Structures are given as C-alpha cells and as structure tokens.
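Below is the file final-v1.cif, which contains mmCIF, C-alpha atoms.
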data_protein
loop_
_atom_site.label_atom_id
_atom_site.label_comp_id
_atom_site.auth_asym_id
_atom_site.auth_seq_id
_atom_site.Cartn_x
_atom_site.Cartn_y
_atom_site.Cartn_z
CA MET J 1 -11.47 6.44 -11.42
CA LYS J 2 -7.92 7.03 -12.62
CA ARG J 3 -5.27 4.54 -11.47
CA TYR J 4 -1.60 5.54 -11.22
CA ILE J 5 1.02 2.89 -11.95
CA LEU J 6 4.59 2.81 -10.65
CA HIS J 7 6.81 1.26 -13.32
CA THR J 8 9.87 1.05 -11.07
CA GLN J 9 10.41 -0.44 -7.65
CA PHE J 10 10.81 2.95 -5.98
CA SER J 11 10.52 6.69 -6.62
CA ILE J 12 10.38 10.03 -4.80
CA TYR J 13 8.25 12.95 -5.97
CA HIS J 14 8.99 16.26 -4.17
CA PHE J 15 7.03 19.40 -5.11
CA GLU J 16 5.08 22.44 -3.93
CA ALA J 17 1.51 23.30 -4.88
CA VAL J 18 -1.19 25.86 -4.17
CA THR J 19 -3.81 23.89 -6.08
CA TRP J 20 -4.18 20.13 -6.32
CA VAL J 21 -4.29 19.26 -10.01
CA HIS J 22 -4.85 15.50 -9.77
CA SER J 23 -8.37 14.10 -9.77
CA VAL J 24 -9.35 11.52 -7.16
CA HIS J 25 -7.29 8.43 -7.97
CA LYS J 26 -5.97 5.04 -6.85
CA HIS J 27 -2.50 3.50 -7.11
CA THR J 28 -0.95 0.11 -7.78
CA TYR J 29 1.70 0.81 -5.14
CA PHE J 30 2.30 2.01 -1.58
CA GLU J 31 2.89 5.66 -0.85
CA ILE J 32 4.28 7.52 2.18
CA ILE J 33 3.20 11.16 1.96
CA PHE J 34 5.16 13.77 3.92
CA ILE J 35 3.74 17.23 4.54
CA LEU J 36 6.81 19.49 4.79
CA LYS J 37 4.83 22.73 5.09
CA GLY J 38 1.33 24.08 4.46
CA LYS J 39 -2.14 23.04 5.49
CA GLY J 40 -5.38 21.77 4.03
CA VAL J 41 -7.57 18.69 3.91
CA HIS J 42 -6.56 15.20 2.79
CA ARG J 43 -9.55 13.18 1.60
CA ILE J 44 -8.87 9.43 1.75
CA ASN J 45 -11.49 6.81 0.87
CA GLY J 46 -14.28 9.24 1.64
CA ASN J 47 -12.77 10.36 4.98
CA ALA J 48 -11.57 13.95 5.52
CA PHE J 49 -8.42 14.70 7.55
CA ALA J 50 -6.97 18.14 8.22
CA TYR J 51 -3.25 18.15 7.49
CA ALA J 52 -0.42 20.44 8.60
CA GLU J 53 3.36 20.60 8.57
CA GLY J 54 4.96 17.39 9.84
CA ASP J 55 2.06 15.04 9.09
CA VAL J 56 2.80 11.67 7.51
CA PHE J 57 0.25 9.51 5.67
CA LEU J 58 0.58 5.93 4.46
CA LEU J 59 -1.59 4.77 1.55
CA GLY J 60 -1.78 1.32 0.05
CA PRO J 61 -3.00 -0.07 -3.26
CA GLU J 62 -6.73 0.51 -3.79
CA ASP J 63 -6.86 3.49 -1.43
CA PHE J 64 -8.23 6.55 -3.26
CA HIS J 65 -7.48 10.13 -2.30
CA TYR J 66 -6.95 13.77 -3.20
CA PHE J 67 -5.99 17.01 -1.43
CA GLU J 68 -7.80 20.27 -0.82
CA ILE J 69 -4.95 22.75 -0.37
CA LEU J 70 -5.71 25.74 1.84
CA GLU J 71 -2.15 27.08 2.08
CA LEU J 72 0.92 26.58 -0.14
CA THR J 73 1.96 23.02 0.59
CA GLU J 74 5.29 21.26 0.12
CA PHE J 75 4.90 17.51 -0.39
CA SER J 76 7.27 14.59 -0.65
CA PHE J 77 5.77 11.36 -1.97
CA VAL J 78 7.83 8.21 -1.38
CA ARG J 79 6.39 5.55 -3.68
CA PHE J 80 7.33 1.89 -3.56
CA ASN J 81 6.13 -1.57 -4.47
CA GLU J 82 5.72 -4.42 -2.00
CA SER J 83 9.01 -5.95 -3.13
CA ILE J 84 10.93 -3.11 -1.42
CA HIS J 85 10.74 -5.13 1.81
CA LYS J 86 11.89 -8.40 0.29
CA GLN J 87 13.77 -10.71 2.63
CA LEU J 88 17.47 -11.01 1.89
CA PRO J 89 19.85 -13.87 2.74
CA GLY J 90 20.66 -13.70 6.43
CA ASP J 91 17.52 -11.72 7.32
CA LYS J 92 15.48 -14.65 8.59
CA ASP J 93 16.74 -14.28 12.17
CA HIS J 94 15.82 -10.58 12.33
CA PRO J 95 12.38 -9.34 13.44
CA TRP J 96 11.98 -6.47 10.95
CA GLN J 97 10.34 -8.53 8.20
CA PRO J 98 7.07 -9.44 10.01
CA ILE J 99 6.79 -5.90 11.39
CA ILE J 100 6.89 -4.32 7.93
CA LYS J 101 4.63 -6.99 6.48
CA ALA J 102 2.08 -6.33 9.22
CA LEU J 103 2.29 -2.57 8.55
CA LEU J 104 1.64 -2.95 4.82
CA ASN J 105 -1.21 -5.39 5.45
CA THR J 106 -2.93 -3.09 7.94
CA SER J 107 -5.44 -0.56 6.74
CA SER J 108 -4.40 2.91 7.95
CA GLN J 109 -6.65 5.15 5.87
CA SER J 110 -9.19 5.83 8.62
CA ARG J 111 -6.55 7.19 11.01
CA GLY J 112 -5.29 10.23 9.12
CA SER J 113 -1.70 11.15 9.85
CA ILE J 114 0.03 8.10 11.34
CA VAL J 115 2.49 10.14 13.43
CA THR J 116 1.38 12.62 16.09
CA ASP J 117 4.48 12.91 18.31
CA THR J 118 6.78 15.79 17.32
CA ASN J 119 9.98 13.83 17.97
CA GLU J 120 8.76 10.92 15.84
CA LYS J 121 7.90 13.31 13.02
CA GLN J 122 11.39 14.82 13.18
CA LYS J 123 13.02 11.38 12.99
CA LEU J 124 11.03 10.49 9.88
CA HIS J 125 11.74 13.83 8.22
CA HIS J 126 15.48 13.43 8.89
CA LEU J 127 15.37 9.98 7.29
CA LEU J 128 13.49 11.47 4.34
CA ALA J 129 16.17 14.14 3.87
CA VAL J 130 18.90 11.50 3.75
CA LEU J 131 16.82 9.30 1.43
CA GLU J 132 16.27 12.17 -1.01
CA ALA J 133 19.97 13.06 -0.95
CA GLU J 134 20.96 9.45 -1.66
CA SER J 135 18.38 9.17 -4.45
CA ALA J 136 20.18 11.97 -6.29
CA ASN J 137 23.12 9.57 -6.56
CA ASP J 138 21.20 6.48 -7.61
CA GLU J 139 23.99 5.29 -9.94
CA SER J 140 26.22 4.53 -6.96
CA GLN J 141 26.91 0.85 -6.29
CA TYR J 142 25.86 1.46 -2.67
CA TYR J 143 22.59 3.24 -3.47
CA GLU J 144 20.16 0.31 -3.22
CA VAL J 145 21.66 -0.94 0.04
CA ILE J 146 21.44 2.52 1.63
CA ARG J 147 17.96 3.16 0.21
CA ASP J 148 16.57 -0.15 1.48
CA SER J 149 18.09 0.40 4.93
CA LEU J 150 16.56 3.87 5.15
CA MET J 151 13.19 2.61 3.93
CA ARG J 152 13.29 -0.24 6.43
CA SER J 153 13.94 2.20 9.29
CA MET J 154 11.21 4.54 8.07
CA LEU J 155 8.63 1.76 7.80
CA ILE J 156 9.44 0.35 11.24
CA ILE J 157 8.99 3.80 12.81
CA LEU J 158 5.65 4.11 11.01
CA ALA J 159 4.66 0.64 12.27
CA ARG J 160 5.59 1.59 15.84
CA ASN J 161 3.38 4.67 15.65
CA LEU J 162 0.48 3.00 13.88
CA PHE J 163 0.34 0.00 16.19
CA SER J 164 0.68 2.12 19.34
CA GLN J 165 -2.38 4.05 18.15
CA ALA J 166 -4.20 0.79 17.58
CA HIS J 167 -3.72 -0.14 21.25
CA GLY J 168 -5.57 2.99 22.26
CA ARG J 169 -8.18 2.70 19.50
CA PRO J 170 -8.84 -0.89 18.54
CA VAL J 171 -10.33 -1.69 15.17
CA LEU J 172 -13.95 -2.74 15.59
CA LYS J 173 -14.51 -6.28 14.44
CA ASP J 174 -17.60 -5.30 12.45
CA SER J 175 -15.99 -2.29 10.71
CA ILE J 176 -15.05 -2.07 7.04
CA GLU J 177 -11.48 -1.45 8.16
CA ALA J 178 -11.41 -4.83 9.93
CA MET J 179 -12.73 -6.49 6.78
CA LEU J 180 -10.07 -4.82 4.60
CA ILE J 181 -7.35 -5.92 7.00
CA TYR J 182 -8.69 -9.46 6.95
CA ILE J 183 -8.72 -9.55 3.14
CA LYS J 184 -5.12 -8.35 2.90
CA GLN J 185 -3.97 -10.87 5.49
CA HIS J 186 -5.72 -13.77 3.74
CA ILE J 187 -5.19 -12.80 0.10
CA TYR J 188 -3.12 -15.96 -0.48
CA ARG J 189 -5.94 -18.23 0.72
CA PRO J 190 -9.01 -17.88 -1.55
CA ALA J 191 -11.05 -20.29 0.57
CA ASP J 192 -10.89 -17.78 3.44
CA LEU J 193 -12.28 -14.98 1.25
CA THR J 194 -15.54 -16.54 0.09
CA ILE J 195 -18.79 -14.78 0.93
CA GLU J 196 -19.74 -17.65 3.22
CA HIS J 197 -16.46 -17.59 5.13
CA LEU J 198 -16.48 -13.79 5.52
CA ALA J 199 -20.09 -13.92 6.70
CA GLU J 200 -19.15 -16.45 9.36
CA THR J 201 -16.05 -14.52 10.39
CA PHE J 202 -17.82 -11.15 10.72
CA HIS J 203 -21.17 -12.52 11.89
CA TYR J 204 -23.22 -11.23 8.98
CA ALA J 205 -25.75 -12.94 6.78
CA PRO J 206 -24.07 -13.94 3.48
CA ALA J 207 -26.40 -11.73 1.45
CA TYR J 208 -25.54 -8.73 3.64
CA VAL J 209 -21.73 -9.06 3.32
CA SER J 210 -21.70 -7.96 -0.32
CA LEU J 211 -24.09 -5.06 0.28
CA TYR J 212 -22.14 -3.87 3.33
CA PHE J 213 -18.79 -4.04 1.56
CA LYS J 214 -19.94 -2.18 -1.56
CA LYS J 215 -21.62 0.53 0.51
CA HIS J 216 -18.50 1.25 2.57
CA ALA J 217 -15.70 0.44 0.10
CA GLY J 218 -17.29 1.81 -3.07
CA GLU J 219 -16.92 -1.37 -5.14
CA SER J 220 -17.95 -5.00 -4.98
CA LEU J 221 -16.19 -7.42 -2.68
CA LYS J 222 -15.26 -9.69 -5.58
CA GLN J 223 -13.78 -6.85 -7.64
CA TYR J 224 -11.75 -5.55 -4.71
CA ILE J 225 -10.25 -8.99 -3.90
CA ILE J 226 -9.37 -9.73 -7.53
CA LYS J 227 -7.81 -6.32 -8.18
CA TYR J 228 -5.77 -6.47 -4.99
CA ARG J 229 -4.54 -9.96 -5.88
CA ILE J 230 -3.68 -8.85 -9.44
CA LYS J 231 -1.69 -5.93 -8.03
CA LEU J 232 0.42 -8.31 -5.93
CA ILE J 233 0.91 -10.63 -8.91
CA GLU J 234 2.15 -7.69 -11.00
CA ALA J 235 4.81 -7.04 -8.35
CA ARG J 236 5.85 -10.72 -8.45
CA LEU J 237 6.15 -10.59 -12.23
CA LEU J 238 8.24 -7.42 -12.21
CA TYR J 239 10.45 -7.96 -9.21
CA SER J 240 10.85 -11.71 -8.68
CA GLN J 241 12.14 -14.72 -10.60
CA LEU J 242 9.14 -16.87 -9.69
CA THR J 243 7.63 -18.91 -12.53
CA LEU J 244 3.98 -18.52 -13.45
CA SER J 245 3.31 -21.92 -11.93
CA GLU J 246 4.90 -20.84 -8.63
CA ILE J 247 2.93 -17.58 -8.58
CA ALA J 248 -0.31 -19.44 -9.32
CA ASP J 249 0.39 -21.82 -6.46
CA GLU J 250 1.25 -18.97 -4.07
CA PHE J 251 -2.08 -17.22 -4.70
CA GLY J 252 -4.23 -20.33 -4.64
CA TYR J 253 -5.12 -20.57 -8.33
CA THR J 254 -6.10 -24.02 -9.55
CA ASP J 255 -3.35 -23.88 -12.17
CA GLU J 256 -1.24 -21.56 -14.32
CA SER J 257 -3.96 -21.35 -16.98
CA HIS J 258 -6.48 -20.02 -14.48
CA LEU J 259 -4.02 -17.31 -13.40
CA CYS J 260 -3.29 -16.28 -17.00
CA LYS J 261 -6.98 -16.08 -17.90
CA GLN J 262 -7.89 -13.85 -14.94
CA PHE J 263 -4.78 -11.68 -15.30
CA LYS J 264 -5.52 -10.96 -18.96
CA LYS J 265 -9.17 -10.21 -18.21
CA TYR J 266 -8.25 -7.51 -15.70
CA THR J 267 -5.08 -6.07 -17.26
CA GLY J 268 -5.64 -6.63 -20.98
CA THR J 269 -2.34 -8.46 -21.36
CA THR J 270 -0.84 -11.83 -20.46
CA PRO J 271 1.50 -12.31 -17.48
CA ILE J 272 4.38 -13.12 -19.84
CA SER J 273 3.85 -9.95 -21.90
CA PHE J 274 3.55 -7.89 -18.70
CA ARG J 275 6.86 -9.29 -17.39
CA MET J 276 8.63 -8.58 -20.69
CA ARG J 277 7.80 -4.87 -20.51
CA VAL J 278 10.77 -4.28 -18.23
#
Conversion result in structure tokens:
Amino acid sequence: MKRYILHTQFSIYHFEAVTWVHSVHKHTYFEIIFILKGKGVHRINGNAFAYAEGDVFLLGPEDFHYFEILELTEFSFVRFNESIHKQLPGDKDHPWQPIIKALLNTSSQSRGSIVTDTNEKQKLHHLLAVLEAESANDESQYYEVIRDSLMRSMLIILARNLFSQAHGRPVLKDSIEAMLIYIKQHIYRPADLTIEHLAETFHYAPAYVSLYFKKHAGESLKQYIIKYRIKLIEARLLYSQLTLSEIADEFGYTDESHLCKQFKKYTGTTPISFRMRV
C-alpha cells in the first residue's frame, strides 16, 4: 500500500475533482479533510461513510482511505505533523495541550464525519478560510504564530465534537478501536504493549490477540506498533532538538543503538541521515 510522506510541518491542499485519482493509501502525518461541496463515499480503514458538503474528517498516521466521488467535490486537506501542537513557553498553565493530545491519540476513523452540527461546521469552515488566506502569505514574520493559533482553535473544536459524540456512543472495550486508542496512548511504554499485557487488558487469550488485531487492522500487531513508533520518531528528528539518546529514552528503547538499528530496518536510513535531509 502506498504511503504518503509530509516533508514539512504543515501544508494545505485545496482542489476539485470528479474522479479520485489516488489509490488507497496511508500517511505519515495527520490530516483534516474538509468537504466544501459535492457528495460521495469516503472509505476509511474498510469502513464506508457517505459524505456531503460541510463534512469534516480527521485521519491519523496508519489510517488508510480513498474516496468514491459521486458528484463534483471540492476538498481542502490540512496536513500536519504531531509537532504542530508543541508546547511553548508559558503554555503549561493552559488546558489546550492535553485536549489536543487526547484528540490526536483517539481513533476517529469509525465515526465518519466528526462534526454533525451545522453551526460547528460553519465555525470550522470560517477558520479554514482564514488559515488558507494566511498560508498565502507564509513569508510573513507573523505567519507561524497565526497559523498555530488557528490550528489550535480548529483542533479544540474537533475535540469538543468528537468527545461529545463519544459520550453518546462509548467505545466498546473489546473493539479494535479501543485497542488502537490504547496503543497510541501507551506508545512510550513498550512494557504495556506486549502480547501478554494486551491480552490481560482486553481479556483475550494471548494467542487470540494477534489474530484479532490482524483480522481487524489488516496488519500484524507488532508491525503496527513499530511503524507507529517510527512515525513519531521521524517527527522528533525533524522538528525537535532532542538527541538520539533522549529520543531512545522517551520511547523506551534499551539504548541509542537499539533505536538506530530498528529505525534503519524500517526506513532504510539511519536517524542521523534522516535528520540531515532537512
């Protein structure tokens, strides 16, 4: 399956289409998809959702999708890496950081469009219009501050809508969605992601956990965890000043050598070479 890579921290892709030309694919980044007009079907991770004007979807790394366009559709794709919500000096006393972190760590692909209320859709589309206008002037010294503020507002509105839905439709503890959420929330603690620990947490036999995950997620549990972890490490390498030793410690590797060996196995390059690409 093709994997799309975002080589910058942020981008917007606005276009119209009558036919979807991209094959089913995954990303290494997050993506907010706005439907500005048109209708069709959005297929996400094997689920089918009818879409129409005003709908808003949120996809994360490892989600795979494509569109079946039934009527000329205008899209706006807002693509960003996890570092877009980095905490800045003075932010620690504000509640926005955990809200956005919870949003990005919560699987939303089985819910279709996150926003159903017309007023909420309008708010998000107004923010998108301002964001697109500001992006046309990305050389301005104020651009990143304005962009990050708009993105923060947009993500918090999405979180409000997603979590209000969750109250009315709780995630079943034995669902694949619950397992994906758990993995994302515990990605920094390898001991919590062993077959044995997952089996105990979700009340399955250890041998069944792997079979269940592969059946519903389309790939092995081990592969999914490693690829998701590598994706986060790539963001650290590109958008932070952390040393390899600090990154290895953050993600629970035994040492820097272990991190380098696994990173090269899955990306074909070393962490240092990857960081020097920028």
For this structure, which residues satisfy the selection - the PyMOL selection byres ((chain J and resi 49-53) around 8) - when it is evaluated on the file as given? I want them as an mmCIF file with C-alpha atoms, in the coordinates of the input.
data_model
loop_
_atom_site.group_PDB
_atom_site.id
_atom_site.type_symbol
_atom_site.label_atom_id
_atom_site.label_comp_id
_atom_site.auth_asym_id
_atom_site.auth_seq_id
_atom_site.Cartn_x
_atom_site.Cartn_y
_atom_site.Cartn_z
ATOM 1 C CA ILE J 35 3.740 17.230 4.540
ATOM 2 C CA LEU J 36 6.810 19.490 4.790
ATOM 3 C CA LYS J 37 4.830 22.730 5.090
ATOM 4 C CA GLY J 38 1.330 24.080 4.460
ATOM 5 C CA LYS J 39 -2.140 23.040 5.490
ATOM 6 C CA GLY J 40 -5.380 21.770 4.030
ATOM 7 C CA VAL J 41 -7.570 18.690 3.910
ATOM 8 C CA HIS J 42 -6.560 15.200 2.790
ATOM 9 C CA ARG J 43 -9.550 13.180 1.600
ATOM 10 C CA ILE J 44 -8.870 9.430 1.750
ATOM 11 C CA ASN J 47 -12.770 10.360 4.980
ATOM 12 C CA ALA J 48 -11.570 13.950 5.520
ATOM 13 C CA GLY J 54 4.960 17.390 9.840
ATOM 14 C CA ASP J 55 2.060 15.040 9.090
ATOM 15 C CA GLY J 112 -5.290 10.230 9.120
ATOM 16 C CA SER J 113 -1.700 11.150 9.850
#
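What separates atom CA of J:Arg236 from atom CA of J:Ser210 is a distance of 28.9 Å.
Among the candidates J:Gln223, J:Lys123, J:Leu158, J:Met179, the residue lying nearest to J:His203 is J:Met179 (atoms considered: only C-alpha atoms).
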Check: Pick the closest to J:Tyr239 from J:Leu211, J:Met276, J:Ile33, J:Leu180: which is it, counting all atoms listed in the file?
Finding: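 Once distances to J:Tyr239 are computed over all atoms listed in the file, the minimum belongs to J:Met276.
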Margin query: Expand the PyMOL selection byres ((chain J and resi 202) around 12) into the explicit residue set it covers here, and present it as a ChimeraX atom specification.
Written below: /J:172-180,182-183,193,195-201,203-206,208-209,212-213
Check: For this file, the PyMOL selection byres ((chain J and resi 161) around 12) selects which residues, as a PyMOL selection string?
Finding: chain J and resi 56-58+99+103+108+111+113-121+124+154-160+162-168
Next item on the list: Please measure the separation of atom CA of J:Thr243 and atom CA of J:Ile181, giving the value in Å to one decimal.
Entry: 27.8 Å
Checklist line | Coordinates-based distance that separates atom CA of J:Leu128 from atom CA of J:His14 (Å, one decimal) | finding: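 Value for the atom CA of J:His14-atom CA of J:Leu128 distance: 10.8 Å.
Distances here use all atoms listed in the file; by that measure, the residue among J:Pro271, J:Gly218, J:Glu144, J:Thr254 closest to J:Ala191 is J:Thr254.
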Next item on the list: Excluding J:Tyr228 and residues on its chain fewer than 5 positions from it, collect all residues at most 12 Å away from it, counting all atoms listed in the file, and give them as number ranges by chain.
Entry: J: 26-29, 60-63, 105, 180, 183-188, 221-223, 233-235, 251, 263, 266
Notebook entry, point to check: Using only C-alpha atoms, which residues sit within 9 Å of J:Val78 once same-chain residues fewer than 6 positions away are excluded, as a list in words?
Noted result: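 Answer for this query is Phe10, Ser11, Ile12, Tyr13, His14, Phe30, Glu31, Ile32, Ile33, Phe34 and Leu128 of chain J.
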